[in-house]
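These notes are about the structure you will find just below.
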Amino acid sequence: MIQSGFRRVHCFPKMVKPVACLLLLVVFRNVAFSAPAVRLAPVVSGLVNPVYVTHSGDQTSRLFIVEQAGRILIHHNEVLLSPPFLDIRDKVNSGGEKGLLGLAFHPDFRNNRRFFVNYTRLDGSQLRTIIAEYQASLSDANRAEGTEKVLLEVNQPFSNHNGGHLAFGPDGFLYVALGDGGSGGDPQGNAQNLGALLGKILRIDVNESVPYAIPPNNPFARTAGARPEIWAYGLRNPWRFSFDKEGGRLFAADVGQNSWEEIDLIVRGGNYGWNIMEGAHCFPSTTSCNRAGLILPISEYGRSEGISVTGGYVYRGTQNTELRGKYIFGDYGSGRIWALEQRPSGEWNRTELLRAGFPISSFGEDEAGEIYVADHSGAIFKMQMRTRRLLPQVGDGTTAAGVFTTSLLLVNTLEQEIEVEAQFYRSDGSPLAVSIEGSLDSRFLFRLKPRSSRVFRTAGHLEPAVAGWAELTADQPFTAAVLFAMVSSSGEAISEAGVDASEMTRRILASVSRKSAFDTNTGAAFANPSVSDAVRVDCVVRNQEGVTVANQSFTLGPRNHRAFFISELGVPEDFEGTFEASSSREFVATLLRTSRGIHLSSLPVSSY
């Protein structure tokens, strides 16, 4: 009979029969990873310097792509439509940081056909930022009418730092980003000057007056000498901002001078420090500065990680659940893409997702909230989660009952070949070298032919009954399992069990039992895959009538685990019932049944 705890010399203390080491290898998953497995799926190529991608909000599933030279193209049903939706190349002065830089559709575009653009124009020798309104054609929804209505013109003293983004907020007002006017160090002091529009985020009402009205609650609407359009100031070159669909918080990326790139949470009347500060540091760095009244960034990074930040979006789509609620942004120069997440403590944690390998000019969203990435070299990509499966521990070991072995089973159900990456880890998250078909490594790439399966024998750590866990990823869906076998010293197979690879969940339900006649017990194990957050798990055992017979709550620290038998919870012998575990955060769980101290079987677990 297996008694309380998964415990003995090579497992935990208090273990009666050595086979429990085998059970431990099956149910213990100490999962550690730093970021979701993300890929960029190609959407369209052959573009000319795309700088933005967005949707019109009219339920047509069209993507609108802005080319810097002055065209707006439509991508619909996997086809790039021709001719362009709008072509104003004859108006736009493009090159460097100039061009057609922003596009925003009116919240009621479906009915009023209004949309707005932000571009730079050269009038004689004077460069200007133009905020203008156009309308879609009544006769052809994929074409815009040629009539332009200019709402705002702002003189640009230099050719760089034009900002360029504009978007409607959840309040229905139009927000516009303008850089500090260019050159270096803000020589004209525009960003801190409330009498100038440069170095600001503006907020205007395009519904009430011509060309626009000032919302009465704008922070400086009644301040003498201040421009009433200003919503926030102290910005150097805000390159892309966005509103979180849930809660409406305004995120902005501000490009740094020569040391620091920053992400800001924009609030009404906020002063974000430029040119007193660059990021969270005094500017110039050799000086001291008065930080009173300045709002520091929620995240920053230095030149070792990138040279020009590109703002993105808080992910609120449905296809990439592990990204939900995280702010996704990147860097134009390094091609890095990060996820920024706020912890319960209020601090923000930044995790690198991937390196795109191209200059990231912008992020964008479709109507479903899925995120796209613009390659300034000429393409648009969609951010997707690679299919990921987590396996319990794998490896070889020796127990008193015999030799313990595992095999990795991969199945491709598709009509195309796929490549599966397997990364093996120790319980502390460091790489674990395993032997597969004579090769010793911690990372393997397996190619699976269409509608085929393969079994790979894994041999892990040399210590008895000590191995690791595996993380499997692929660009296409696949299935995987780990097969466990116990072989006696004479080579006779004693028992075998298979456990499917799984994903994270927040709630599970399974059938459990404890039978004295067959020395049967059910084991449960939980792992917290987060590298920073604790997870509280609430467990309840109910009999077949639904009456609670045992319950327990516990907290798993980051990258930690907990394993136990239901007998430890006070569940009586000769019991049949259900086991339910739930948490407000994601965790990994496995349940197994052991019989006569040797034979193992996996239990089906429902996640919901």
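Identifiers in the structure tokens: chain A, B, ... in order shown; residue index from 1 per chain; ligand index from 1 in order shown.
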Once you count only C-alpha atoms, what closest atom pair and distance in Å to one decimal does each residue of region 200-306 of chain A within 12 Å of region 51-75 of chain A have, with rows by chain and rising residue number, as JSON lines?
{"residue": "A:Trp239", "atom": "CA", "partner": "A:Val51", "partner_atom": "CA", "distance": 10.5}
{"residue": "A:Arg240", "atom": "CA", "partner": "A:Tyr52", "partner_atom": "CA", "distance": 9.3}
{"residue": "A:Phe241", "atom": "CA", "partner": "A:Tyr52", "partner_atom": "CA", "distance": 11.9}
{"residue": "A:Ser242", "atom": "CA", "partner": "A:Thr54", "partner_atom": "CA", "distance": 11.7}
Take the residues just selected and output them with C-alpha atoms as a CSV table (one decimal), in the first residue's frame.
chain,number,residue,atom,x,y,z
A,239,TRP,CA,5.8,56.5,-32.2
A,240,ARG,CA,2.5,54.7,-31.8
A,241,PHE,CA,0.0,54.8,-29.0
A,242,SER,CA,-3.1,52.7,-28.3
Excluding region 498-514 of chain A and its own-chain neighbours fewer than 3 positions away, which residues fall within 8 Å of it when counting only C-alpha atoms? Please give them as number ranges by chain.
A: 26, 388-392, 479-484, 519-522, 566-567, 571-589, 591, 593, 601-608
Using only C-alpha atoms, which of the listed residues (A:Ala517, A:Val117, A:Leu122, A:Ile276) sits closest to Ala191 (chain A)?
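Looking only at the distances to Ala191 (chain A), the closest residue turns out to be A:Ile276.
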If you run DSSP over the backbone, which residues in region 140-290 of chain A end up strand (DSSP E)? Put them as a PyMOL selection string.
chain A and resi 149-156+166-168+174-178+200-204+230-233+238-243+250-254+260-266+277-278+281-282
If you count only C-alpha atoms, which residues fall within 6 Å of region 249-265 of chain A, apart from same-chain ones fewer than 2 positions away, as a PyMOL selection string?
chain A and resi 237-239+241-244+247+279+297-303+308-309+311
Go ahead and save the residues from that selection, with N, CA and C atoms, as a compact mmCIF listing (two decimals), in the first residue's frame.
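Result written to selection_27.txt:
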# COMPACT_ATOMS: atom_id res chain seq x y z
N ASN A 237 9.28 61.82 -29.18
CA ASN A 237 8.77 61.39 -30.48
C ASN A 237 7.87 60.17 -30.27
N PRO A 238 6.63 60.38 -29.84
CA PRO A 238 5.74 59.25 -29.57
C PRO A 238 5.42 58.49 -30.85
N TRP A 239 5.98 57.28 -30.96
CA TRP A 239 5.79 56.49 -32.17
C TRP A 239 4.86 55.32 -31.86
N PHE A 241 0.71 54.91 -30.24
CA PHE A 241 0.03 54.78 -28.96
C PHE A 241 -1.25 53.98 -29.19
N SER A 242 -1.84 53.48 -28.13
CA SER A 242 -3.06 52.69 -28.27
C SER A 242 -3.81 52.66 -26.95
N PHE A 243 -5.11 52.42 -27.06
CA PHE A 243 -5.99 52.29 -25.90
C PHE A 243 -6.28 50.82 -25.64
N ASP A 244 -6.19 50.42 -24.39
CA ASP A 244 -6.57 49.08 -24.01
C ASP A 244 -8.09 48.95 -24.15
N GLY A 247 -10.81 48.73 -20.12
CA GLY A 247 -10.36 49.73 -19.15
C GLY A 247 -9.93 51.04 -19.77
N GLY A 279 13.70 58.83 -20.56
CA GLY A 279 13.30 57.68 -19.77
C GLY A 279 13.21 58.08 -18.31
N PRO A 297 8.40 56.54 -16.92
CA PRO A 297 7.87 55.45 -17.76
C PRO A 297 7.58 54.21 -16.93
N ILE A 298 6.68 53.37 -17.43
CA ILE A 298 6.41 52.09 -16.77
C ILE A 298 7.43 51.04 -17.18
N SER A 299 8.15 51.30 -18.28
CA SER A 299 9.21 50.39 -18.70
C SER A 299 10.17 51.15 -19.59
N GLU A 300 11.43 50.73 -19.56
CA GLU A 300 12.45 51.34 -20.41
C GLU A 300 13.49 50.28 -20.74
N TYR A 301 14.25 50.53 -21.79
CA TYR A 301 15.39 49.67 -22.11
C TYR A 301 16.46 50.50 -22.80
N GLY A 302 17.70 50.00 -22.72
CA GLY A 302 18.84 50.74 -23.23
C GLY A 302 19.28 50.27 -24.61
N ARG A 303 20.39 50.84 -25.05
CA ARG A 303 20.87 50.60 -26.40
C ARG A 303 21.37 49.17 -26.63
N SER A 308 15.14 52.14 -31.24
CA SER A 308 13.97 52.97 -31.54
C SER A 308 12.71 52.19 -31.24
N VAL A 309 12.02 52.55 -30.17
CA VAL A 309 10.86 51.78 -29.73
C VAL A 309 9.68 51.98 -30.66
N GLY A 311 5.58 51.34 -30.53
CA GLY A 311 4.49 51.01 -29.64
C GLY A 311 3.52 50.01 -30.26
Extract, using only C-alpha atoms, all DNA, RNA and protein residues at most 9 Å from Asp205 (chain A), discarding same-chain residues fewer than 5 positions from it, and format them as a ChimeraX atom specification.
/A:172-174,212-215
Out of A:Ser94, A:Ser442, A:Ser407, A:Ser452, which residue has the shortest atom-to-atom distance to Gln423 (chain A) when counting only C-alpha atoms?
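For Gln423 (chain A), the nearest of the given residues is A:Ser442.
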Could you give me, as a ChimeraX atom specification, each residue of region 412-597 of chain A that DSSP assigns to helix (DSSP H, G or I) when run on this structure's backbone?
/A:566-569
Go ahead and dump the residues you just picked, N, CA, C and O atoms, as a tab-separated table (two decimals), in the first residue's frame.
chain	number	residue	atom	x	y	z
A	566	ILE	N	-4.74	11.35	-2.66
A	566	ILE	CA	-6.00	11.80	-2.06
A	566	ILE	C	-6.15	11.25	-0.64
A	566	ILE	O	-6.90	11.81	0.16
A	567	SER	N	-5.42	10.18	-0.33
A	567	SER	CA	-5.46	9.66	1.04
A	567	SER	C	-4.93	10.67	2.04
A	567	SER	O	-5.34	10.70	3.20
A	568	GLU	N	-4.01	11.52	1.59
A	568	GLU	CA	-3.45	12.55	2.47
A	568	GLU	C	-4.49	13.60	2.84
A	568	GLU	O	-4.32	14.32	3.82
A	569	LEU	N	-5.54	13.71	2.05
A	569	LEU	CA	-6.58	14.69	2.32
A	569	LEU	C	-7.64	14.15	3.28
A	569	LEU	O	-8.61	14.84	3.58
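CA of Arg596 (chain A) is found 27.4 Å from CA of Glu545 (chain A).
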Residues near Ala525 (chain A), anyone? I mean within 7 Å using only C-alpha atoms, not counting same-chain ones fewer than 2 positions away, as a short mmCIF file (atom, residue, chain, number, x, y, z; two decimals) with all heavy atoms, in the first residue's frame.
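Result written to out_8.cif:
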data_model
loop_
_atom_site.label_atom_id
_atom_site.label_comp_id
_atom_site.auth_asym_id
_atom_site.auth_seq_id
_atom_site.Cartn_x
_atom_site.Cartn_y
_atom_site.Cartn_z
N VAL A 27 3.93 12.22 -12.28
CA VAL A 27 3.00 13.29 -11.92
C VAL A 27 3.68 14.60 -11.56
O VAL A 27 3.02 15.62 -11.49
CB VAL A 27 2.11 12.87 -10.73
CG1 VAL A 27 1.28 11.67 -11.10
CG2 VAL A 27 2.93 12.59 -9.49
N PHE A 28 4.96 14.62 -11.37
CA PHE A 28 5.63 15.85 -10.95
C PHE A 28 6.06 16.64 -12.17
O PHE A 28 6.86 16.19 -12.95
CB PHE A 28 6.82 15.50 -10.07
CG PHE A 28 7.85 16.60 -9.94
CD1 PHE A 28 7.47 17.92 -9.83
CD2 PHE A 28 9.20 16.30 -9.92
CE1 PHE A 28 8.42 18.92 -9.70
CE2 PHE A 28 10.15 17.30 -9.80
CZ PHE A 28 9.76 18.60 -9.69
N GLY A 523 -3.09 9.77 -7.25
CA GLY A 523 -2.12 10.83 -6.99
C GLY A 523 -2.40 12.05 -7.82
O GLY A 523 -2.85 11.96 -8.97
N ALA A 527 1.79 22.07 -10.92
CA ALA A 527 2.97 22.89 -11.16
C ALA A 527 2.53 24.31 -11.52
O ALA A 527 1.50 24.50 -12.16
CB ALA A 527 3.82 22.32 -12.30
N ARG A 562 3.49 20.92 -6.28
CA ARG A 562 2.99 20.22 -5.11
C ARG A 562 2.40 18.89 -5.58
O ARG A 562 1.70 18.84 -6.59
CB ARG A 562 1.92 21.05 -4.41
CG ARG A 562 1.18 20.34 -3.28
CD ARG A 562 1.90 20.49 -1.97
NE ARG A 562 1.21 19.77 -0.89
CZ ARG A 562 0.36 20.34 -0.03
NH1 ARG A 562 0.10 21.63 -0.13
NH2 ARG A 562 -0.19 19.63 0.93
N ALA A 563 2.68 17.80 -4.85
CA ALA A 563 2.17 16.49 -5.22
C ALA A 563 1.66 15.78 -3.98
O ALA A 563 2.24 15.91 -2.89
CB ALA A 563 3.26 15.65 -5.89
N PHE A 564 0.55 15.04 -4.11
CA PHE A 564 0.01 14.31 -2.98
C PHE A 564 -0.95 13.23 -3.47
O PHE A 564 -1.38 13.23 -4.63
CB PHE A 564 -0.72 15.24 -2.00
CG PHE A 564 -1.77 16.11 -2.64
CD1 PHE A 564 -3.04 15.61 -2.94
CD2 PHE A 564 -1.49 17.43 -2.96
CE1 PHE A 564 -3.99 16.40 -3.53
CE2 PHE A 564 -2.44 18.24 -3.55
CZ PHE A 564 -3.71 17.72 -3.84
N ALA A 589 -1.66 20.46 -14.22
CA ALA A 589 -2.04 19.41 -13.30
C ALA A 589 -2.04 18.05 -13.98
O ALA A 589 -2.31 17.95 -15.18
CB ALA A 589 -3.43 19.68 -12.72
N THR A 590 -1.74 17.02 -13.21
CA THR A 590 -1.76 15.64 -13.68
C THR A 590 -2.33 14.76 -12.59
O THR A 590 -2.03 14.97 -11.42
CB THR A 590 -0.34 15.16 -14.02
OG1 THR A 590 0.21 15.96 -15.05
CG2 THR A 590 -0.37 13.70 -14.49
N LEU A 591 -3.15 13.78 -12.96
CA LEU A 591 -3.65 12.79 -12.00
C LEU A 591 -3.34 11.39 -12.50
O LEU A 591 -3.52 11.11 -13.69
CB LEU A 591 -5.16 12.93 -11.79
CG LEU A 591 -5.60 13.94 -10.71
CD1 LEU A 591 -5.38 15.36 -11.17
CD2 LEU A 591 -7.07 13.72 -10.35
#
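The space between CA of Phe220 (chain A) and CA of Gly269 (chain A) spans 7.5 Å.
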With only C-alpha atoms as the basis for distance, which of A:Leu198, A:Leu296, A:Leu166, A:Ala379 is at the shortest distance from Val48 (chain A)?
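Result for the nearest residue to Val48 (chain A): A:Ala379.
Comparing A:Gln126, A:Asn412, A:Thr387, A:Asn190 by their smallest distance to Arg236 (chain A), the closest is A:Asn190 (using only C-alpha atoms).
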I'd like the neighbourhood of region 175-177 of chain A as a ChimeraX atom specification, where a residue qualifies if any of its atoms comes within 6 Å (using only C-alpha atoms), though same-chain residues fewer than 5 positions away should be ignored.
/A:163-168,201-203
Could you take the residues named above and write them with all heavy atoms, as a short mmCIF file (atom, residue, chain, number, x, y, z; two decimals), in the first residue's frame?
data_model
loop_
_atom_site.label_atom_id
_atom_site.label_comp_id
_atom_site.auth_asym_id
_atom_site.auth_seq_id
_atom_site.Cartn_x
_atom_site.Cartn_y
_atom_site.Cartn_z
N GLY A 163 6.23 62.34 -34.93
CA GLY A 163 5.15 61.57 -34.31
C GLY A 163 4.40 60.83 -35.41
O GLY A 163 4.96 59.98 -36.08
N GLY A 164 3.14 61.17 -35.59
CA GLY A 164 2.42 60.67 -36.76
C GLY A 164 1.22 59.81 -36.49
O GLY A 164 0.43 59.55 -37.40
N HIS A 165 1.03 59.37 -35.25
CA HIS A 165 -0.10 58.48 -34.99
C HIS A 165 -1.34 59.29 -34.64
O HIS A 165 -1.25 60.41 -34.12
CB HIS A 165 0.23 57.53 -33.85
CG HIS A 165 -0.72 56.37 -33.74
ND1 HIS A 165 -0.95 55.50 -34.77
CD2 HIS A 165 -1.50 55.94 -32.72
CE1 HIS A 165 -1.81 54.59 -34.40
NE2 HIS A 165 -2.18 54.84 -33.16
N LEU A 166 -2.49 58.71 -34.89
CA LEU A 166 -3.76 59.26 -34.43
C LEU A 166 -4.74 58.11 -34.27
O LEU A 166 -4.68 57.11 -34.99
CB LEU A 166 -4.29 60.35 -35.36
CG LEU A 166 -4.87 60.03 -36.73
CD1 LEU A 166 -5.51 61.28 -37.32
CD2 LEU A 166 -3.79 59.54 -37.69
N ALA A 167 -5.63 58.24 -33.28
CA ALA A 167 -6.58 57.17 -32.98
C ALA A 167 -7.73 57.74 -32.16
O ALA A 167 -7.56 58.72 -31.42
CB ALA A 167 -5.91 56.04 -32.20
N PHE A 168 -8.88 57.13 -32.30
CA PHE A 168 -10.04 57.53 -31.49
C PHE A 168 -9.98 56.80 -30.15
O PHE A 168 -9.74 55.59 -30.10
CB PHE A 168 -11.34 57.22 -32.22
CG PHE A 168 -11.67 58.22 -33.29
CD1 PHE A 168 -11.22 58.04 -34.59
CD2 PHE A 168 -12.42 59.36 -32.98
CE1 PHE A 168 -11.52 58.97 -35.58
CE2 PHE A 168 -12.72 60.29 -33.96
CZ PHE A 168 -12.27 60.10 -35.26
N ILE A 201 0.62 64.91 -26.95
CA ILE A 201 -0.53 64.15 -27.45
C ILE A 201 -1.74 65.06 -27.32
O ILE A 201 -2.00 65.61 -26.24
CB ILE A 201 -0.75 62.83 -26.68
CG1 ILE A 201 0.38 61.85 -27.05
CG2 ILE A 201 -2.10 62.22 -27.01
CD1 ILE A 201 0.29 60.51 -26.35
N LEU A 202 -2.43 65.27 -28.45
CA LEU A 202 -3.57 66.18 -28.50
C LEU A 202 -4.87 65.38 -28.41
O LEU A 202 -4.92 64.18 -28.69
CB LEU A 202 -3.55 66.98 -29.81
CG LEU A 202 -2.22 67.59 -30.24
CD1 LEU A 202 -2.39 68.35 -31.55
CD2 LEU A 202 -1.65 68.48 -29.15
N ARG A 203 -5.94 66.08 -28.06
CA ARG A 203 -7.27 65.48 -27.97
C ARG A 203 -8.28 66.50 -28.50
O ARG A 203 -8.43 67.59 -27.94
CB ARG A 203 -7.58 65.11 -26.53
CG ARG A 203 -8.96 64.49 -26.26
CD ARG A 203 -9.03 64.20 -24.77
NE ARG A 203 -10.23 63.54 -24.31
CZ ARG A 203 -11.14 64.10 -23.53
NH1 ARG A 203 -11.01 65.38 -23.16
NH2 ARG A 203 -12.17 63.41 -23.11
#
Ile380 (chain A) environment, 9 Å, only C-alpha atoms, sequence neighbours closer than 3 positions dropped, as a ChimeraX atom specification:
/A:41-45,47,50,53,65,372-376
Pick from A:Asp87, A:Arg324, A:Leu127, A:Lys149 nearest to Arg114 (chain A), counting only C-alpha atoms
A:Lys149
